[in-house]
>>> print(open('upload_18.tsv').read())   # TSV, N, CA and C atoms
chain	number	residue	atom	x	y	z
A	1242	MET	N	-1.76	-14.54	-23.47
A	1242	MET	CA	-1.50	-14.51	-22.03
A	1242	MET	C	-1.84	-15.89	-21.47
A	1243	SER	N	-0.97	-16.41	-20.65
A	1243	SER	CA	-1.22	-17.72	-20.05
A	1243	SER	C	-2.34	-17.61	-19.02
A	1244	THR	N	-3.00	-18.72	-18.80
A	1244	THR	CA	-4.11	-18.75	-17.85
A	1244	THR	C	-3.65	-18.35	-16.45
A	1245	LYS	N	-2.47	-18.81	-16.06
A	1245	LYS	CA	-1.92	-18.48	-14.74
A	1245	LYS	C	-1.71	-16.96	-14.61
A	1246	SER	N	-1.14	-16.35	-15.65
A	1246	SER	CA	-0.92	-14.90	-15.64
A	1246	SER	C	-2.25	-14.15	-15.63
A	1247	GLU	N	-3.21	-14.64	-16.39
A	1247	GLU	CA	-4.54	-14.00	-16.43
A	1247	GLU	C	-5.18	-14.00	-15.05
A	1248	LYS	N	-5.12	-15.15	-14.38
A	1248	LYS	CA	-5.74	-15.26	-13.06
A	1248	LYS	C	-5.05	-14.35	-12.05
A	1249	LYS	N	-3.73	-14.31	-12.11
A	1249	LYS	CA	-2.98	-13.44	-11.20
A	1249	LYS	C	-3.33	-11.98	-11.46
A	1250	LEU	N	-3.36	-11.58	-12.73
A	1250	LEU	CA	-3.70	-10.21	-13.10
A	1250	LEU	C	-5.11	-9.87	-12.61
A	1251	GLU	N	-6.04	-10.77	-12.81
A	1251	GLU	CA	-7.42	-10.56	-12.38
A	1251	GLU	C	-7.51	-10.36	-10.86
A	1252	LYS	N	-6.79	-11.18	-10.11
A	1252	LYS	CA	-6.80	-11.06	-8.65
A	1252	LYS	C	-6.21	-9.72	-8.19
A	1253	ILE	N	-5.12	-9.32	-8.83
A	1253	ILE	CA	-4.48	-8.05	-8.46
A	1253	ILE	C	-5.41	-6.89	-8.79
A	1254	LEU	N	-6.03	-6.91	-9.96
A	1254	LEU	CA	-6.93	-5.83	-10.36
A	1254	LEU	C	-8.14	-5.74	-9.45
A	1255	LYS	N	-8.69	-6.87	-9.04
A	1255	LYS	CA	-9.83	-6.87	-8.10
A	1255	LYS	C	-9.41	-6.29	-6.76
A	1256	LEU	N	-8.22	-6.66	-6.32
A	1256	LEU	CA	-7.71	-6.15	-5.05
A	1256	LEU	C	-7.51	-4.63	-5.13
A	1257	LEU	N	-6.96	-4.15	-6.24
A	1257	LEU	CA	-6.77	-2.71	-6.43
A	1257	LEU	C	-8.10	-1.98	-6.50
A	1258	GLU	N	-9.10	-2.62	-7.06
A	1258	GLU	CA	-10.44	-2.04	-7.13
A	1258	GLU	C	-11.01	-1.88	-5.71
A	1259	ARG	N	-10.83	-2.89	-4.88
A	1259	ARG	CA	-11.28	-2.82	-3.48
A	1259	ARG	C	-10.51	-1.74	-2.72
A	1260	LEU	N	-9.22	-1.64	-3.00
A	1260	LEU	CA	-8.39	-0.62	-2.36
A	1260	LEU	C	-8.88	0.78	-2.75
A	1261	THR	N	-9.22	0.95	-4.02
A	1261	THR	CA	-9.74	2.23	-4.49
A	1261	THR	C	-11.04	2.59	-3.77
A	1262	LYS	N	-11.92	1.60	-3.59
A	1262	LYS	CA	-13.18	1.85	-2.88
A	1262	LYS	C	-12.93	2.29	-1.45
A	1263	GLU	N	-12.01	1.62	-0.77
A	1263	GLU	CA	-11.67	2.00	0.61
A	1263	GLU	C	-11.11	3.41	0.65
A	1264	SER	N	-10.27	3.72	-0.31
A	1264	SER	CA	-9.64	5.03	-0.37
A	1264	SER	C	-10.68	6.12	-0.61
A	1265	THR	N	-11.64	5.86	-1.48
A	1265	THR	CA	-12.67	6.88	-1.76
A	1265	THR	C	-13.61	7.07	-0.57
A	1266	LYS	N	-13.65	6.09	0.33
A	1266	LYS	CA	-14.44	6.25	1.56
A	1266	LYS	C	-13.72	7.16	2.56
A	1267	GLY	N	-12.46	7.48	2.26
A	1267	GLY	CA	-11.71	8.37	3.14
A	1267	GLY	C	-10.66	7.69	4.00
A	1268	THR	N	-10.47	6.39	3.81
A	1268	THR	CA	-9.45	5.68	4.60
A	1268	THR	C	-8.07	6.04	4.07
A	1269	PRO	N	-7.21	6.63	4.90
A	1269	PRO	CA	-5.86	6.98	4.44
A	1269	PRO	C	-5.02	5.73	4.15
A	1270	ILE	N	-4.10	5.87	3.21
A	1270	ILE	CA	-3.17	4.81	2.85
A	1270	ILE	C	-1.76	5.31	3.14
A	1271	ILE	N	-0.97	4.53	3.86
A	1271	ILE	CA	0.42	4.90	4.12
A	1271	ILE	C	1.33	4.08	3.22
A	1272	VAL	N	2.17	4.76	2.45
A	1272	VAL	CA	3.19	4.12	1.62
A	1272	VAL	C	4.55	4.66	2.04
A	1273	GLU	N	5.61	4.08	1.50
A	1273	GLU	CA	6.95	4.51	1.93
A	1273	GLU	C	7.37	5.85	1.36
A	1274	GLY	N	7.38	5.99	0.05
A	1274	GLY	CA	7.94	7.20	-0.53
A	1274	GLY	C	7.10	7.84	-1.62
A	1275	ARG	N	7.62	8.93	-2.13
A	1275	ARG	CA	6.94	9.72	-3.17
A	1275	ARG	C	6.67	8.88	-4.42
A	1276	ASN	N	7.62	8.04	-4.82
A	1276	ASN	CA	7.42	7.20	-6.01
A	1276	ASN	C	6.28	6.22	-5.82
A	1277	ASP	N	6.08	5.76	-4.58
A	1277	ASP	CA	4.96	4.87	-4.29
A	1277	ASP	C	3.63	5.62	-4.43
A	1278	VAL	N	3.60	6.86	-3.97
A	1278	VAL	CA	2.40	7.70	-4.13
A	1278	VAL	C	2.09	7.85	-5.62
A	1279	ASN	N	3.12	8.17	-6.41
A	1279	ASN	CA	2.93	8.35	-7.85
A	1279	ASN	C	2.45	7.06	-8.52
A	1280	ALA	N	2.98	5.93	-8.08
A	1280	ALA	CA	2.57	4.64	-8.65
A	1280	ALA	C	1.09	4.37	-8.37
A	1281	LEU	N	0.64	4.67	-7.15
A	1281	LEU	CA	-0.78	4.47	-6.83
A	1281	LEU	C	-1.66	5.41	-7.65
A	1282	HIS	N	-1.20	6.64	-7.86
A	1282	HIS	CA	-1.94	7.56	-8.73
A	1282	HIS	C	-2.02	7.00	-10.15
A	1283	GLU	N	-0.92	6.46	-10.62
A	1283	GLU	CA	-0.87	5.85	-11.96
A	1283	GLU	C	-1.85	4.68	-12.07
A	1284	LEU	N	-2.07	3.99	-10.96
A	1284	LEU	CA	-3.00	2.85	-10.93
A	1284	LEU	C	-4.44	3.29	-10.67
A	1285	GLY	N	-4.65	4.61	-10.54
A	1285	GLY	CA	-6.01	5.13	-10.41
A	1285	GLY	C	-6.46	5.48	-9.00
A	1286	LEU	N	-5.60	5.35	-8.01
A	1286	LEU	CA	-5.98	5.71	-6.64
A	1286	LEU	C	-5.72	7.19	-6.41
A	1287	GLN	N	-6.73	7.90	-5.96
A	1287	GLN	CA	-6.59	9.34	-5.77
A	1287	GLN	C	-6.87	9.82	-4.35
A	1288	GLY	N	-7.12	8.91	-3.44
A	1288	GLY	CA	-7.49	9.28	-2.07
A	1288	GLY	C	-6.35	9.86	-1.26
A	1289	ASP	N	-6.50	9.80	0.04
A	1289	ASP	CA	-5.55	10.34	1.00
A	1289	ASP	C	-4.37	9.36	1.14
A	1290	ILE	N	-3.26	9.68	0.49
A	1290	ILE	CA	-2.09	8.81	0.52
A	1290	ILE	C	-0.96	9.54	1.26
A	1291	ILE	N	-0.49	8.92	2.31
A	1291	ILE	CA	0.56	9.51	3.14
A	1291	ILE	C	1.89	8.85	2.81
A	1292	SER	N	2.87	9.67	2.49
A	1292	SER	CA	4.22	9.18	2.21
A	1292	SER	C	5.01	9.19	3.52
A	1293	ALA	N	5.41	8.02	3.99
A	1293	ALA	CA	6.04	7.90	5.31
A	1293	ALA	C	7.50	8.35	5.34
A	1294	LYS	N	8.21	8.20	4.24
A	1294	LYS	CA	9.65	8.45	4.29
A	1294	LYS	C	10.10	9.60	3.40
A	1295	SER	N	9.23	10.55	3.17
A	1295	SER	CA	9.65	11.66	2.32
A	1295	SER	C	9.89	12.91	3.15
A	1296	SER	N	10.65	13.81	2.62
A	1296	SER	CA	10.93	15.11	3.24
A	1296	SER	C	11.47	15.01	4.65
A	1297	GLY	N	12.27	13.99	4.91
A	1297	GLY	CA	12.91	13.86	6.20
A	1297	GLY	C	11.98	13.59	7.37
A	1298	LYS	N	10.83	13.02	7.11
A	1298	LYS	CA	9.88	12.70	8.18
A	1298	LYS	C	10.45	11.62	9.09
A	1299	SER	N	10.19	11.79	10.38
A	1299	SER	CA	10.57	10.75	11.33
A	1299	SER	C	9.39	9.80	11.51
A	1300	PHE	N	9.63	8.70	12.17
A	1300	PHE	CA	8.57	7.74	12.46
A	1300	PHE	C	7.45	8.42	13.26
A	1301	LEU	N	7.84	9.25	14.23
A	1301	LEU	CA	6.85	9.95	15.05
A	1301	LEU	C	6.07	10.98	14.23
A	1302	ASP	N	6.72	11.61	13.25
A	1302	ASP	CA	6.03	12.55	12.37
A	1302	ASP	C	4.90	11.85	11.62
A	1303	VAL	N	5.19	10.64	11.15
A	1303	VAL	CA	4.19	9.87	10.41
A	1303	VAL	C	3.01	9.54	11.32
A	1304	LEU	N	3.30	9.09	12.53
A	1304	LEU	CA	2.23	8.77	13.48
A	1304	LEU	C	1.39	10.00	13.80
A	1305	GLY	N	2.05	11.14	13.96
A	1305	GLY	CA	1.33	12.39	14.22
A	1305	GLY	C	0.45	12.80	13.04
A	1306	GLU	N	0.96	12.59	11.84
A	1306	GLU	CA	0.19	12.91	10.64
A	1306	GLU	C	-1.06	12.04	10.54
A	1307	VAL	N	-0.91	10.76	10.85
A	1307	VAL	CA	-2.05	9.84	10.83
A	1307	VAL	C	-3.06	10.25	11.90
A	1308	GLU	N	-2.57	10.51	13.10
A	1308	GLU	CA	-3.46	10.90	14.19
A	1308	GLU	C	-4.21	12.18	13.85
A	1309	GLY	N	-3.53	13.11	13.19
A	1309	GLY	CA	-4.14	14.37	12.79
A	1309	GLY	C	-5.28	14.22	11.79
A	1310	ARG	N	-5.30	13.10	11.07
A	1310	ARG	CA	-6.39	12.86	10.12
A	1310	ARG	C	-7.70	12.52	10.84
A	1311	GLY	N	-7.59	12.07	12.09
A	1311	GLY	CA	-8.78	11.75	12.87
A	1311	GLY	C	-9.54	10.52	12.41
A	1312	LYS	N	-8.88	9.63	11.71
A	1312	LYS	CA	-9.53	8.42	11.21
A	1312	LYS	C	-9.27	7.27	12.18
A	1313	ARG	N	-10.19	6.33	12.22
A	1313	ARG	CA	-10.07	5.18	13.11
A	1313	ARG	C	-9.39	4.00	12.45
A	1314	GLU	N	-9.15	4.11	11.14
A	1314	GLU	CA	-8.49	3.03	10.40
A	1314	GLU	C	-7.55	3.64	9.37
A	1315	VAL	N	-6.46	2.95	9.11
A	1315	VAL	CA	-5.51	3.37	8.08
A	1315	VAL	C	-4.99	2.12	7.38
A	1316	ILE	N	-4.81	2.23	6.07
A	1316	ILE	CA	-4.31	1.10	5.28
A	1316	ILE	C	-2.79	1.22	5.18
A	1317	LEU	N	-2.08	0.16	5.58
A	1317	LEU	CA	-0.62	0.14	5.45
A	1317	LEU	C	-0.25	-0.56	4.16
A	1318	LEU	N	0.50	0.11	3.33
A	1318	LEU	CA	0.90	-0.44	2.03
A	1318	LEU	C	2.38	-0.14	1.79
A	1319	MET	N	3.20	-0.64	2.70
A	1319	MET	CA	4.63	-0.43	2.60
A	1319	MET	C	5.23	-1.42	1.60
A	1320	ASP	N	6.52	-1.25	1.30
A	1320	ASP	CA	7.19	-2.13	0.35
A	1320	ASP	C	7.24	-3.56	0.89
A	1321	PHE	N	7.60	-4.49	0.01
A	1321	PHE	CA	7.60	-5.92	0.34
A	1321	PHE	C	8.98	-6.44	0.74
A	1322	ASP	N	9.97	-5.56	0.80
A	1322	ASP	CA	11.31	-5.97	1.20
A	1322	ASP	C	11.40	-6.03	2.73
A	1323	ARG	N	12.56	-6.41	3.23
A	1323	ARG	CA	12.75	-6.55	4.68
A	1323	ARG	C	12.45	-5.25	5.42
A	1324	ASN	N	12.95	-4.15	4.89
A	1324	ASN	CA	12.73	-2.84	5.51
A	1324	ASN	C	11.25	-2.49	5.54
A	1325	GLY	N	10.55	-2.75	4.45
A	1325	GLY	CA	9.11	-2.47	4.38
A	1325	GLY	C	8.32	-3.31	5.37
A	1326	LYS	N	8.73	-4.56	5.53
A	1326	LYS	CA	8.06	-5.45	6.49
A	1326	LYS	C	8.28	-4.95	7.91
A	1327	GLU	N	9.51	-4.48	8.21
A	1327	GLU	CA	9.80	-3.94	9.54
A	1327	GLU	C	8.95	-2.70	9.82
A	1328	TRP	N	8.88	-1.79	8.84
A	1328	TRP	CA	8.07	-0.58	8.99
A	1328	TRP	C	6.60	-0.93	9.20
A	1329	THR	N	6.12	-1.90	8.44
A	1329	THR	CA	4.72	-2.32	8.56
A	1329	THR	C	4.44	-2.81	9.97
A	1330	ASN	N	5.31	-3.67	10.49
A	1330	ASN	CA	5.12	-4.20	11.84
A	1330	ASN	C	5.20	-3.11	12.91
A	1331	ARG	N	6.17	-2.21	12.78
A	1331	ARG	CA	6.31	-1.12	13.75
A	1331	ARG	C	5.10	-0.20	13.72
A	1332	LEU	N	4.69	0.19	12.51
A	1332	LEU	CA	3.53	1.07	12.38
A	1332	LEU	C	2.27	0.41	12.93
A	1333	ALA	N	2.07	-0.85	12.59
A	1333	ALA	CA	0.87	-1.57	13.05
A	1333	ALA	C	0.80	-1.57	14.58
A	1334	ARG	N	1.92	-1.88	15.23
A	1334	ARG	CA	1.95	-1.91	16.70
A	1334	ARG	C	1.62	-0.54	17.29
A	1335	ARG	N	2.28	0.49	16.79
A	1335	ARG	CA	2.08	1.84	17.33
A	1335	ARG	C	0.67	2.36	17.06
A	1336	LEU	N	0.14	2.07	15.87
A	1336	LEU	CA	-1.22	2.51	15.55
A	1336	LEU	C	-2.23	1.85	16.47
A	1337	GLU	N	-2.04	0.56	16.74
A	1337	GLU	CA	-2.94	-0.14	17.67
A	1337	GLU	C	-2.89	0.49	19.05
A	1338	GLU	N	-1.69	0.88	19.49
A	1338	GLU	CA	-1.55	1.56	20.78
A	1338	GLU	C	-2.32	2.88	20.79
A	1339	MET	N	-2.43	3.51	19.62
A	1339	MET	CA	-3.15	4.78	19.49
A	1339	MET	C	-4.64	4.56	19.23
A	1340	ARG	N	-5.07	3.31	19.26
A	1340	ARG	CA	-6.46	2.93	18.99
A	1340	ARG	C	-6.89	3.26	17.56
A	1341	ILE	N	-5.94	3.14	16.64
A	1341	ILE	CA	-6.21	3.28	15.21
A	1341	ILE	C	-5.97	1.90	14.60
A	1342	THR	N	-6.95	1.41	13.86
A	1342	THR	CA	-6.85	0.07	13.29
A	1342	THR	C	-5.95	0.08	12.06
A	1343	PRO	N	-4.85	-0.68	12.09
A	1343	PRO	CA	-4.01	-0.79	10.89
A	1343	PRO	C	-4.58	-1.89	9.98
A	1344	ASN	N	-4.99	-1.51	8.79
A	1344	ASN	CA	-5.53	-2.48	7.83
A	1344	ASN	C	-4.36	-3.06	7.04
A	1345	LEU	N	-4.08	-4.34	7.25
A	1345	LEU	CA	-2.97	-5.02	6.58
A	1345	LEU	C	-3.46	-5.96	5.47
A	1346	LEU	N	-4.77	-6.03	5.28
A	1346	LEU	CA	-5.35	-6.96	4.32
A	1346	LEU	C	-4.76	-6.78	2.92
A	1347	PHE	N	-4.74	-5.56	2.41
A	1347	PHE	CA	-4.27	-5.31	1.05
A	1347	PHE	C	-2.78	-5.62	0.92
A	1348	TRP	N	-2.01	-5.21	1.93
A	1348	TRP	CA	-0.56	-5.46	1.92
A	1348	TRP	C	-0.27	-6.96	1.91
A	1349	LYS	N	-0.95	-7.71	2.78
A	1349	LYS	CA	-0.72	-9.16	2.85
A	1349	LYS	C	-1.13	-9.86	1.56
A	1350	ARG	N	-2.26	-9.46	0.99
A	1350	ARG	CA	-2.72	-10.09	-0.25
A	1350	ARG	C	-1.77	-9.77	-1.41
A	1351	LEU	N	-1.36	-8.50	-1.50
A	1351	LEU	CA	-0.41	-8.14	-2.56
A	1351	LEU	C	0.92	-8.85	-2.37
A	1352	LEU	N	1.37	-8.93	-1.13
A	1352	LEU	CA	2.62	-9.64	-0.83
A	1352	LEU	C	2.52	-11.09	-1.31
A	1353	GLY	N	1.38	-11.72	-1.06
A	1353	GLY	CA	1.18	-13.10	-1.49
A	1353	GLY	C	1.12	-13.24	-3.00
A	1354	LEU	N	0.58	-12.24	-3.67
A	1354	LEU	CA	0.43	-12.31	-5.13
A	1354	LEU	C	1.70	-11.91	-5.88
A	1355	VAL	N	2.40	-10.90	-5.41
A	1355	VAL	CA	3.53	-10.35	-6.18
A	1355	VAL	C	4.84	-10.31	-5.41
A	1356	GLY	N	4.85	-10.73	-4.16
A	1356	GLY	CA	6.02	-10.59	-3.29
A	1356	GLY	C	7.31	-11.16	-3.83
A	1357	HIS	N	7.22	-12.21	-4.67
A	1357	HIS	CA	8.44	-12.80	-5.23
A	1357	HIS	C	8.93	-12.02	-6.45
A	1358	ASP	N	8.04	-11.27	-7.08
A	1358	ASP	CA	8.38	-10.58	-8.32
A	1358	ASP	C	8.55	-9.07	-8.15
A	1359	VAL	N	7.91	-8.49	-7.15
A	1359	VAL	CA	7.92	-7.04	-6.95
A	1359	VAL	C	8.35	-6.77	-5.51
A	1360	LYS	N	9.29	-5.85	-5.34
A	1360	LYS	CA	9.79	-5.56	-4.00
A	1360	LYS	C	9.25	-4.26	-3.42
A	1361	ASP	N	8.61	-3.44	-4.25
A	1361	ASP	CA	8.09	-2.18	-3.76
A	1361	ASP	C	6.80	-1.80	-4.49
A	1362	ILE	N	6.05	-0.89	-3.90
A	1362	ILE	CA	4.77	-0.47	-4.46
A	1362	ILE	C	4.99	0.23	-5.80
A	1363	GLU	N	6.09	0.97	-5.93
A	1363	GLU	CA	6.33	1.69	-7.18
A	1363	GLU	C	6.53	0.76	-8.37
A	1364	GLY	N	6.90	-0.50	-8.12
A	1364	GLY	CA	7.09	-1.46	-9.20
A	1364	GLY	C	5.81	-2.16	-9.62
A	1365	LEU	N	4.71	-1.88	-8.93
A	1365	LEU	CA	3.45	-2.57	-9.19
A	1365	LEU	C	2.88	-2.27	-10.58
A	1366	ALA	N	2.88	-1.00	-10.98
A	1366	ALA	CA	2.32	-0.62	-12.28
A	1366	ALA	C	3.08	-1.30	-13.42
A	1367	THR	N	4.40	-1.30	-13.34
A	1367	THR	CA	5.22	-1.95	-14.37
A	1367	THR	C	4.96	-3.45	-14.39
A	1368	TYR	N	4.81	-4.04	-13.22
A	1368	TYR	CA	4.54	-5.47	-13.12
A	1368	TYR	C	3.20	-5.82	-13.79
A	1369	LEU	N	2.20	-4.98	-13.56
A	1369	LEU	CA	0.89	-5.22	-14.19
A	1369	LEU	C	0.99	-5.16	-15.71
A	1370	GLU	N	1.77	-4.21	-16.21
A	1370	GLU	CA	1.97	-4.11	-17.67
A	1370	GLU	C	2.65	-5.37	-18.20
A	1371	THR	N	3.63	-5.86	-17.46
A	1371	THR	CA	4.33	-7.08	-17.86
A	1371	THR	C	3.36	-8.26	-17.89
A	1372	LEU	N	2.51	-8.38	-16.89
A	1372	LEU	CA	1.52	-9.46	-16.86
A	1372	LEU	C	0.56	-9.38	-18.04
A	1373	ARG	N	0.16	-8.16	-18.38
A	1373	ARG	CA	-0.78	-7.98	-19.50
A	1373	ARG	C	-0.17	-8.44	-20.83
A	1374	LYS	N	1.15	-8.31	-20.95
A	1374	LYS	CA	1.82	-8.68	-22.20
A	1374	LYS	C	2.07	-10.17	-22.32
A	1375	LYS	N	1.99	-10.90	-21.20
A	1375	LYS	CA	2.27	-12.34	-21.22
A	1375	LYS	C	1.16	-13.11	-21.92
>>> encode(input="upload_18.tsv", output="structure tokens")
Amino acid sequence: MSTKSEKKLEKILKLLERLTKESTKGTPIIVEGRNDVNALHELGLQGDIISAKSSGKSFLDVLGEVEGRGKREVILLMDFDRNGKEWTNRLARRLEEMRITPNLLFWKRLLGLVGHDVKDIEGLATYLETLRKK
């Protein structure tokens, strides 16, 4: 494995470790779809993961679901494509209006690390395997 790949893998794994800690504290994570939920489970995250675009949910349904959790913070982990960025921005604005803090730290860091190679959360596990083989 090249040094560059090793460093990138190490940074991603540390970030996922921090994400897991936040999740085990009870902070909900919002992802786009069911495959994203499955990918996070595959990566070891078992906390409260909300799928925003499954089962015909509307944008308002997602906001209601978050509000119903009664948490003051939520982690946004949408896809890295244009649509995912739009959803992230819309959700962040609306959550702030609801006095719920949208945590974008993990999304921004992952976007910076893998945004050119991975377009969605479901591709993250495969990408990590590819990095390990380099």
>>> residues_around(input="upload_18.tsv", residues="Leu1257 (chain A)", least_positions_apart="5", cutoff="9 Å", atoms="only C-alpha atoms", output="compact mmCIF listing (two decimals) with N, CA and C atoms, in the coordinates of the input")
# COMPACT_ATOMS: atom_id res chain seq x y z
N LYS A 1252 -6.79 -11.18 -10.11
CA LYS A 1252 -6.80 -11.06 -8.65
C LYS A 1252 -6.21 -9.72 -8.19
N LYS A 1262 -11.92 1.60 -3.59
CA LYS A 1262 -13.18 1.85 -2.88
C LYS A 1262 -12.93 2.29 -1.45
N LEU A 1284 -2.07 3.99 -10.96
CA LEU A 1284 -3.00 2.85 -10.93
C LEU A 1284 -4.44 3.29 -10.67
N GLY A 1285 -4.65 4.61 -10.54
CA GLY A 1285 -6.01 5.13 -10.41
C GLY A 1285 -6.46 5.48 -9.00
N LEU A 1286 -5.60 5.35 -8.01
CA LEU A 1286 -5.98 5.71 -6.64
C LEU A 1286 -5.72 7.19 -6.41
N PHE A 1347 -4.74 -5.56 2.41
CA PHE A 1347 -4.27 -5.31 1.05
C PHE A 1347 -2.78 -5.62 0.92
>>> closest_residue(input="upload_18.tsv", among="A:Ile1341, A:Ser1243, A:Asp1320, A:Gly1288", to="Gly1364 (chain A)", atoms="only C-alpha atoms")
A:Asp1320
>>> residues_around(input="upload_18.tsv", residues="Gly1267 (chain A)", least_positions_apart="3", cutoff="8 Å", atoms="only N, CA and C atoms", output="ChimeraX atom specification")
/A:1261-1264,1270,1288-1289,1312,1314-1315
>>> residues_near_point(input="upload_18.tsv", point="(-2.1, 0.9, 3.7)", cutoff="7 Å", atoms="all atoms listed in the file", output="MDAnalysis selection string")
chainID A and resid 1269:1272 1315:1319 1344:1345 1348
>>> atom_distance(input="upload_18.tsv", atom1="CA of Leu1336 (chain A)", atom2="atom C of Ser1299 (chain A)")
13.5 Å
>>> closest_residue(input="upload_18.tsv", among="A:Leu1256, A:Leu1365, A:Ala1280, A:Leu1250", to="Arg1350 (chain A)", atoms="all atoms listed in the file")
A:Leu1256
>>> closest_residue(input="upload_18.tsv", among="A:Thr1342, A:Asn1324, A:Leu1281, A:Leu1332", to="Thr1268 (chain A)", atoms="only C-alpha atoms")
A:Thr1342
>>> atom_distance(input="upload_18.tsv", atom1="atom N of Ala1366 (chain A)", atom2="CA of Leu1304 (chain A)")
26.3 Å
>>> atom_distance(input="upload_18.tsv", atom1="CA of Leu1351 (chain A)", atom2="atom N of Arg1373 (chain A)")
15.8 Å
>>> closest_residue(input="upload_18.tsv", among="A:Gly1353, A:Gly1274, A:Gly1309, A:Pro1343", to="Ile1290 (chain A)", atoms="only C-alpha atoms")
A:Gly1274
>>> select_by_dssp(input="upload_18.tsv", residues="region 1290-1370 of chain A", states="helix (DSSP H, G or I)", output="ChimeraX atom specification")
/A:1300-1310,1323-1338,1346-1355,1362-1370
>>> closest_residue(input="upload_18.tsv", among="A:Leu1260, A:Val1278, A:Ile1291, A:Leu1352", to="Arg1310 (chain A)", atoms="only C-alpha atoms")
A:Ile1291
